[in-house]
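Structure data follow from input.tsv (TSV, C-alpha atoms and all ligand atoms):
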chain	number	residue	atom	x	y	z
A	1	MET	CA	88.46	71.97	-12.37
A	2	PHE	CA	86.91	72.62	-15.76
A	3	ILE	CA	83.13	73.18	-15.99
A	4	THR	CA	81.26	73.88	-19.23
A	5	LEU	CA	77.70	75.08	-19.74
A	6	GLU	CA	75.68	74.23	-22.82
A	7	GLY	CA	72.14	74.80	-24.03
A	8	ILE	CA	70.01	76.26	-26.81
A	9	GLU	CA	69.42	80.01	-27.21
A	10	GLY	CA	67.55	81.45	-24.23
A	11	SER	CA	68.45	78.58	-21.89
A	12	GLY	CA	69.80	81.00	-19.26
A	13	LYS	CA	73.53	80.13	-19.32
A	14	THR	CA	74.72	83.68	-18.71
A	15	THR	CA	72.57	84.16	-15.60
A	16	GLN	CA	73.50	80.78	-14.18
A	17	ILE	CA	77.25	81.23	-14.76
A	18	LYS	CA	77.21	84.17	-12.34
A	19	ASN	CA	75.57	81.95	-9.70
A	20	ILE	CA	78.07	79.16	-10.29
A	21	VAL	CA	80.99	81.54	-9.75
A	22	THR	CA	79.48	82.86	-6.50
A	23	PHE	CA	79.02	79.28	-5.31
A	24	LEU	CA	82.54	78.12	-6.27
A	25	GLU	CA	84.13	81.17	-4.66
A	26	SER	CA	82.20	80.45	-1.46
A	27	LYS	CA	83.84	77.00	-1.52
A	28	GLY	CA	87.30	78.59	-1.79
A	29	TYR	CA	87.92	78.10	-5.53
A	30	ASP	CA	89.83	80.69	-7.51
A	31	CYS	CA	87.32	80.93	-10.32
A	32	ILE	CA	87.52	82.34	-13.86
A	33	THR	CA	84.70	82.56	-16.43
A	34	THR	CA	85.21	82.51	-20.15
A	35	ARG	CA	83.22	81.71	-23.28
A	36	GLU	CA	83.23	80.43	-26.84
A	37	PRO	CA	83.22	82.01	-29.25
A	38	GLY	CA	85.04	85.11	-28.04
A	39	GLY	CA	87.08	84.12	-24.97
A	40	THR	CA	90.19	85.91	-26.28
A	41	ALA	CA	90.84	89.27	-28.01
A	42	ILE	CA	91.30	87.52	-31.38
A	43	GLY	CA	88.30	85.31	-30.62
A	44	GLY	CA	86.22	88.45	-30.07
A	45	LYS	CA	86.84	89.42	-33.71
A	46	ILE	CA	85.95	85.90	-34.87
A	47	ARG	CA	82.76	86.03	-32.72
A	48	ALA	CA	81.67	89.23	-34.45
A	49	ILE	CA	81.87	87.50	-37.86
A	50	LEU	CA	80.13	84.34	-36.65
A	51	LEU	CA	77.16	85.98	-34.97
A	52	ASP	CA	76.56	88.94	-37.31
A	53	PRO	CA	73.02	88.44	-38.70
A	54	GLY	CA	74.21	90.17	-41.90
A	55	ASN	CA	76.53	87.21	-42.63
A	56	ASN	CA	73.70	84.96	-43.79
A	57	ASP	CA	75.80	83.63	-46.70
A	58	LEU	CA	78.53	82.22	-44.40
A	59	ASP	CA	79.52	78.84	-45.83
A	60	PRO	CA	78.95	75.99	-43.27
A	61	LEU	CA	82.58	74.80	-43.59
A	62	THR	CA	83.85	78.36	-43.11
A	63	GLU	CA	81.60	78.60	-40.05
A	64	LEU	CA	83.02	75.34	-38.64
A	65	LEU	CA	86.63	76.42	-39.22
A	66	LEU	CA	86.02	79.82	-37.61
A	67	TYR	CA	84.65	78.13	-34.46
A	68	GLU	CA	87.70	75.85	-34.40
A	69	ALA	CA	90.06	78.80	-34.96
A	70	ASP	CA	88.43	80.63	-32.06
A	71	ARG	CA	88.84	77.47	-29.94
A	72	ALA	CA	92.49	76.88	-30.89
A	73	GLN	CA	93.34	80.39	-29.69
A	74	HIS	CA	91.24	79.98	-26.55
A	75	VAL	CA	92.67	76.56	-25.60
A	76	SER	CA	96.31	77.57	-26.01
A	77	SER	CA	96.24	81.10	-24.60
A	78	ILE	CA	93.53	80.90	-21.89
A	79	LEU	CA	92.19	77.47	-20.97
A	80	LYS	CA	95.37	75.39	-20.70
A	81	PRO	CA	97.38	78.04	-18.80
A	82	LEU	CA	94.53	78.69	-16.31
A	83	LEU	CA	93.86	75.02	-15.69
A	84	CYS	CA	97.60	74.29	-15.28
A	85	ASP	CA	97.62	77.09	-12.72
A	86	GLY	CA	94.95	75.27	-10.68
A	87	LYS	CA	92.07	77.67	-11.41
A	88	ALA	CA	88.43	76.60	-11.57
A	89	VAL	CA	87.39	77.54	-15.11
A	90	VAL	CA	83.72	77.95	-16.05
A	91	CYS	CA	83.22	78.15	-19.82
A	92	ASP	CA	80.03	79.28	-21.57
A	93	ARG	CA	79.95	76.69	-24.42
A	94	PHE	CA	82.79	74.52	-25.65
A	95	TYR	CA	83.35	71.82	-28.28
A	96	ASP	CA	79.98	70.09	-27.68
A	97	ALA	CA	78.38	73.18	-29.25
A	98	THR	CA	80.28	72.52	-32.49
A	99	THR	CA	79.29	68.84	-32.56
A	100	VAL	CA	75.67	69.87	-32.10
A	101	TYR	CA	75.30	73.12	-34.10
A	102	GLN	CA	77.68	72.42	-37.01
A	103	GLY	CA	77.33	68.61	-36.89
A	104	PHE	CA	73.82	67.56	-35.89
A	105	ALA	CA	72.03	70.75	-36.99
A	106	ARG	CA	74.02	71.96	-40.06
A	107	GLY	CA	74.75	68.40	-41.16
A	108	LEU	CA	78.56	68.58	-41.42
A	109	ASP	CA	80.48	65.33	-41.05
A	110	ILE	CA	80.76	64.39	-37.36
A	111	GLU	CA	84.01	62.47	-37.97
A	112	LEU	CA	85.58	65.55	-39.55
A	113	ILE	CA	84.48	67.58	-36.52
A	114	GLN	CA	86.01	65.00	-34.17
A	115	GLU	CA	89.30	65.10	-36.11
A	116	LEU	CA	89.38	68.89	-35.79
A	117	HIS	CA	88.71	68.54	-32.07
A	118	ASN	CA	91.61	66.11	-31.71
A	119	LEU	CA	93.83	68.69	-33.38
A	120	VAL	CA	92.59	71.72	-31.45
A	121	LEU	CA	91.88	70.35	-27.97
A	122	LYS	CA	95.05	68.33	-27.46
A	123	GLY	CA	93.25	66.09	-24.96
A	124	LEU	CA	91.47	68.89	-23.06
A	125	LYS	CA	88.03	67.79	-21.84
A	126	PRO	CA	85.60	69.31	-19.31
A	127	ASP	CA	85.33	67.55	-15.94
A	128	ILE	CA	81.61	68.24	-15.94
A	129	THR	CA	79.18	69.68	-18.51
A	130	ILE	CA	75.89	71.18	-17.41
A	131	LEU	CA	73.24	71.07	-20.11
A	132	LEU	CA	70.39	73.53	-19.57
A	133	ASP	CA	67.56	71.86	-21.43
A	134	LEU	CA	64.30	73.40	-22.61
A	135	THR	CA	62.14	73.50	-25.73
A	136	PRO	CA	63.25	75.83	-28.54
A	137	GLU	CA	59.81	77.47	-28.49
A	138	VAL	CA	60.37	78.66	-24.91
A	139	GLY	CA	64.10	79.36	-25.37
A	140	LEU	CA	63.67	81.46	-28.52
A	141	GLU	CA	60.77	83.38	-27.01
A	142	ARG	CA	63.01	84.29	-24.03
A	143	ALA	CA	65.97	85.14	-26.28
A	144	TRP	CA	63.91	87.46	-28.52
A	145	ARG	CA	62.35	89.14	-25.48
A	146	GLN	CA	65.89	89.94	-24.24
A	147	ILE	CA	66.98	91.16	-27.69
A	148	LYS	CA	63.92	93.43	-28.02
A	149	SER	CA	64.39	94.84	-24.51
A	150	GLY	CA	68.10	95.53	-25.22
A	151	THR	CA	69.53	93.13	-22.60
A	152	ARG	CA	70.97	91.07	-25.47
A	153	THR	CA	72.59	92.61	-28.52
A	154	HIS	CA	70.91	92.73	-31.94
A	155	CYS	CA	74.36	92.42	-33.57
A	156	GLU	CA	74.63	88.74	-32.53
A	157	THR	CA	71.35	87.27	-33.76
A	158	ARG	CA	72.49	85.07	-36.69
A	159	PHE	CA	71.53	81.85	-34.86
A	160	GLU	CA	68.35	83.20	-33.26
A	161	LYS	CA	67.19	83.84	-36.85
A	162	GLU	CA	67.53	80.17	-37.79
A	163	ALA	CA	64.26	78.23	-38.31
A	164	LEU	CA	62.67	76.33	-35.42
A	165	VAL	CA	63.61	73.00	-37.06
A	166	PHE	CA	67.32	73.97	-36.74
A	167	HIS	CA	66.90	74.63	-33.00
A	168	ASP	CA	64.97	71.34	-32.61
A	169	LYS	CA	68.01	69.54	-34.07
A	170	VAL	CA	70.33	71.43	-31.69
A	171	ARG	CA	68.28	70.42	-28.67
A	172	ALA	CA	68.01	66.78	-29.81
A	173	GLY	CA	71.77	66.77	-30.52
A	174	TYR	CA	72.62	67.97	-27.02
A	175	LEU	CA	70.34	65.35	-25.45
A	176	GLU	CA	71.98	62.68	-27.60
A	177	LEU	CA	75.47	63.74	-26.43
A	178	ALA	CA	74.24	63.66	-22.81
A	179	ARG	CA	72.89	60.16	-23.38
A	180	ARG	CA	76.23	59.04	-24.85
A	181	GLU	CA	78.36	60.53	-22.05
A	182	PRO	CA	76.30	60.31	-18.84
A	183	GLU	CA	79.43	60.43	-16.65
A	184	ARG	CA	80.26	63.95	-17.89
A	185	PHE	CA	76.86	65.52	-18.64
A	186	ARG	CA	74.26	66.68	-16.12
A	187	VAL	CA	70.94	67.67	-17.70
A	188	ILE	CA	68.97	70.36	-15.85
A	189	ASP	CA	65.40	71.36	-16.69
A	190	ALA	CA	65.85	75.01	-17.67
A	191	ALA	CA	62.14	75.64	-18.27
A	192	LYS	CA	61.74	76.02	-14.50
A	193	ASP	CA	61.95	79.36	-12.72
A	194	LYS	CA	65.56	80.65	-12.58
A	195	ASP	CA	65.89	80.31	-8.77
A	196	GLN	CA	64.89	76.67	-9.01
A	197	VAL	CA	67.35	76.11	-11.88
A	198	GLN	CA	70.05	77.74	-9.74
A	199	LYS	CA	69.25	75.39	-6.81
A	200	GLU	CA	69.47	72.33	-9.09
A	201	ILE	CA	72.83	73.45	-10.48
A	202	ILE	CA	74.30	74.12	-7.03
A	203	LYS	CA	73.05	70.74	-5.80
A	204	THR	CA	74.63	69.03	-8.82
A	205	LEU	CA	77.95	70.85	-8.37
A	206	SER	CA	78.06	70.23	-4.60
A	207	PHE	CA	77.63	66.53	-5.24
A	208	PHE	CA	80.25	66.58	-8.00
A	209	ILE	CA	82.82	68.37	-5.82
A	210	ARG	CA	82.22	65.95	-2.94
A	211	SER	CA	82.62	62.93	-5.20
A	212	GLN	CA	85.82	64.38	-6.71
A	213	LYS	CA	87.27	64.91	-3.22
A	214	THR	CA	86.41	61.35	-2.22
A	215	ALA	CA	88.01	60.00	-5.41
A	216	ASP	CA	91.15	62.13	-4.82
A	217	GLN	CA	91.42	60.86	-1.22
A	218	GLN	CA	91.08	57.26	-2.39
A	219	THR	CA	93.83	57.66	-4.98
A	220	GLY	CA	95.96	59.58	-2.48
A	221	SER	CA	96.29	62.62	-4.77
A	222	VAL	CA	95.41	65.09	-1.95
B	1	LIG	P1	76.10	82.68	-27.16
B	1	LIG	O1	77.42	83.24	-26.79
B	1	LIG	O2	75.00	83.62	-26.92
B	1	LIG	O3	75.86	81.33	-26.60
B	1	LIG	O4	76.13	82.54	-28.77
B	1	LIG	C1	77.00	81.75	-29.42
B	1	LIG	C2	76.29	81.16	-30.64
B	1	LIG	O5	77.23	80.40	-31.41
B	1	LIG	C3	75.15	80.23	-30.29
B	1	LIG	O6	74.09	80.45	-31.17
B	1	LIG	C4	75.72	78.85	-30.55
B	1	LIG	C5	76.74	79.09	-31.63
B	1	LIG	N1	77.87	78.17	-31.58
B	1	LIG	C6	78.06	77.27	-32.63
B	1	LIG	O7	77.27	77.23	-33.57
B	1	LIG	N2	79.16	76.45	-32.58
B	1	LIG	C7	80.08	76.49	-31.58
B	1	LIG	O8	81.07	75.74	-31.59
B	1	LIG	C8	79.87	77.43	-30.49
B	1	LIG	C9	80.86	77.50	-29.38
B	1	LIG	C10	78.75	78.25	-30.54

Represent the structure from my file as structure tokens, please.
Ligand code: TMP
Amino acid sequence: MFITLEGIEGSGKTTQIKNIVTFLESKGYDCITTREPGGTAIGGKIRAILLDPGNNDLDPLTELLLYEADRAQHVSSILKPLLCDGKAVVCDRFYDATTVYQGFARGLDIELIQELHNLVLKGLKPDITILLDLTPEVGLERAWRQIKSGTRTHCETRFEKEALVFHDKVRAGYLELARREPERFRVIDAAKDKDQVQKEIIKTLSFFIRSQKTADQQTGSV
């Protein structure tokens, strides 16, 4: 099973991933968490370039190709092997983030991005994508509070420093993807208190797991 989490800065993905793992383990899944960018050792070096606030002259195409390079390494050395091995993989961001940040928000050609995804993903697609949705005003306020208090690193603030209009485009882009692919996306209101968000996510995943089991029984694959 392959689960991805998406959302704007400050949407609470990191906190909720921990809860998802606890839940999946309680259901007997052998669960692994990973992230993009930076899910591999090489990806960690690419992440440092991408998120360094000092790199404010990074060309948008260079940025796109670095995200895809990170992903190519991640897909071949981590994601495919783990999924083939029957693990439940929970990934903090995946290719939807590129469509939204580099496509909808930076304005790069969506068809070019899709072609790169065809090349890099080799058919890999999440079974379910949880979108933690909230306004950029609230998300950025939370993110900067964490950065100032030291719970989030200052060295990775290149995107937090983008203008509000950029984050508005990111949010609208995510909601548009969710509208286009309702069978894969589940949108959760992340402005709510984190315990309530956790409950919503667990409810969504419980339902998803049950429906998967029913579908597997009907096709005789279990
Ligand atoms: P995060 O690990 O805190 O979510 O930070 C990753 C940042 O990188 C976040 O601002 C979103 C951005 N990003 C992209 O712009 N494109 C991508 O493809 C991915 C995976 C992330």

Compare A:Leu58, A:Val197, A:Ala191, A:Leu83 by their minimum atom-to-atom distance to ligand LIG 1 (chain B), counting all atoms listed in the file, and give me the closest one.
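Looking only at the distances to ligand LIG 1 (chain B), the closest residue turns out to be A:Leu58.
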
What's the 10 Å shell around Phe2 of chain A, counting only C-alpha atoms, without same-chain residues fewer than 3 positions away, as a PDB file with C-alpha atoms, keeping the file's coordinate frame?
ATOM      1  CA  CYS A  31      87.320  80.930 -10.320  1.00  0.00           C
ATOM      2  CA  ILE A  32      87.520  82.340 -13.860  1.00  0.00           C
ATOM      3  CA  LEU A  79      92.190  77.470 -20.970  1.00  0.00           C
ATOM      4  CA  LEU A  82      94.530  78.690 -16.310  1.00  0.00           C
ATOM      5  CA  LEU A  83      93.860  75.020 -15.690  1.00  0.00           C
ATOM      6  CA  GLY A  86      94.950  75.270 -10.680  1.00  0.00           C
ATOM      7  CA  LYS A  87      92.070  77.670 -11.410  1.00  0.00           C
ATOM      8  CA  ALA A  88      88.430  76.600 -11.570  1.00  0.00           C
ATOM      9  CA  VAL A  89      87.390  77.540 -15.110  1.00  0.00           C
ATOM     10  CA  VAL A  90      83.720  77.950 -16.050  1.00  0.00           C
ATOM     11  CA  CYS A  91      83.220  78.150 -19.820  1.00  0.00           C
ATOM     12  CA  LEU A 124      91.470  68.890 -23.060  1.00  0.00           C
ATOM     13  CA  LYS A 125      88.030  67.790 -21.840  1.00  0.00           C
ATOM     14  CA  PRO A 126      85.600  69.310 -19.310  1.00  0.00           C
ATOM     15  CA  ASP A 127      85.330  67.550 -15.940  1.00  0.00           C
ATOM     16  CA  ILE A 128      81.610  68.240 -15.940  1.00  0.00           C
ATOM     17  CA  THR A 129      79.180  69.680 -18.510  1.00  0.00           C
TER      18      THR A 129
END

Can you write out as a tab-separated table which residues of chain A fall within 6 Å of ligand LIG 1 (chain B), alongside each residue's closest atom pair and its distance in Å to one decimal, counting all atoms listed in the file and ordering rows by chain and ascending residue number?
residue	atom	partner	partner_atom	distance
A:Glu36	CA	B:LIG1	C9	4.5
A:Pro37	CA	B:LIG1	C9	5.1
A:Tyr67	CA	B:LIG1	O8	5.2
A:Arg93	CA	B:LIG1	C9	5.1
A:Phe94	CA	B:LIG1	C9	5.1
A:Tyr95	CA	B:LIG1	O8	5.6
A:Ala97	CA	B:LIG1	O8	4.4
A:Thr98	CA	B:LIG1	O8	3.4
A:Tyr101	CA	B:LIG1	O7	4.6
A:Gln102	CA	B:LIG1	O7	5.9
A:Phe159	CA	B:LIG1	O6	4.7

I'd like the contact shell of Gly43 of chain A - 12 Å cut-off, all atoms listed in the file, skipping same-chain residues fewer than 3 positions apart - returned as an MDAnalysis selection string.
chainID A and resid 34:40 46:51 66:75 77:78

What are the nearest atom pairs, with distances in Å to one decimal, for all residues of segment 25-114 of chain A that come at most 8 Å from segment 160-172 of chain A, using all atoms listed in the file, set out by chain and rising residue number as CSV?
residue,atom,partner,partner_atom,distance
A:Pro53,CA,A:Lys161,CA,7.7
A:Val100,CA,A:Val170,CA,5.6
A:Tyr101,CA,A:Val170,CA,5.8
A:Phe104,CA,A:Lys169,CA,6.4
A:Ala105,CA,A:Lys169,CA,5.1
A:Arg106,CA,A:Phe166,CA,7.7

For Arg184 of chain A, the nearest of the candidates A:Thr153, A:Ser11, A:Thr204, A:Gln218, counting only C-alpha atoms
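Residue with the minimum atom-to-atom distance to Arg184 of chain A: A:Thr204.
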
Measuring between all atoms listed in the file, which one of A:Gln16, A:Thr62, A:Gln114, A:Ser26 shows the shortest distance to Ser206 of chain A?
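Counting all atoms listed in the file, the residue closest to Ser206 of chain A is A:Ser26.
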
Separation of atom CA of Ile130 of chain A and atom CA of Val187 of chain A, in Å?
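These two atoms are separated by 6.1 Å.
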
So how far away is atom CA of Asp92 of chain A from atom CA of Thr15 of chain A, in Å?
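Taking atom CA of Thr15 of chain A as the start and atom CA of Asp92 of chain A as the end point, the length is 10.7 Å.
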
Given only C-alpha atoms as the counted atoms, nearest of A:Gly103, A:Gly7, A:Asn19, A:Val138 to Lys194 of chain A:
A:Asn19

Rounded to one decimal, what separation in Å do you get between atom CA of Asp109 of chain A and atom CA of Leu61 of chain A?
10.0 Å

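For the choices A:Gly173, A:Gln198, A:Arg142, A:Leu65, the atom-to-atom distance to Gly107 of chain A is smallest for A:Gly173 when using only C-alpha atoms.
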
Between A:Ile201, A:Met1, A:Lys122, A:His117, which residue has the minimum interatomic distance to Tyr29 of chain A, considering only C-alpha atoms?
A:Met1

Hey, what's within 12 Å of His154 of chain A if we count all atoms listed in the file and toss same-chain stuff fewer than 2 positions away? As a list of chain:residue names, please?
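Close residues of His154 of chain A: A:Ala48, A:Leu51, A:Asp52, A:Pro53, A:Gly54, A:Ala143, A:Trp144, A:Arg145, A:Gln146, A:Ile147, A:Lys148, A:Ser149, A:Gly150, A:Thr151, A:Arg152, A:Glu156, A:Thr157, A:Arg158, A:Phe159, A:Glu160, A:Lys161.
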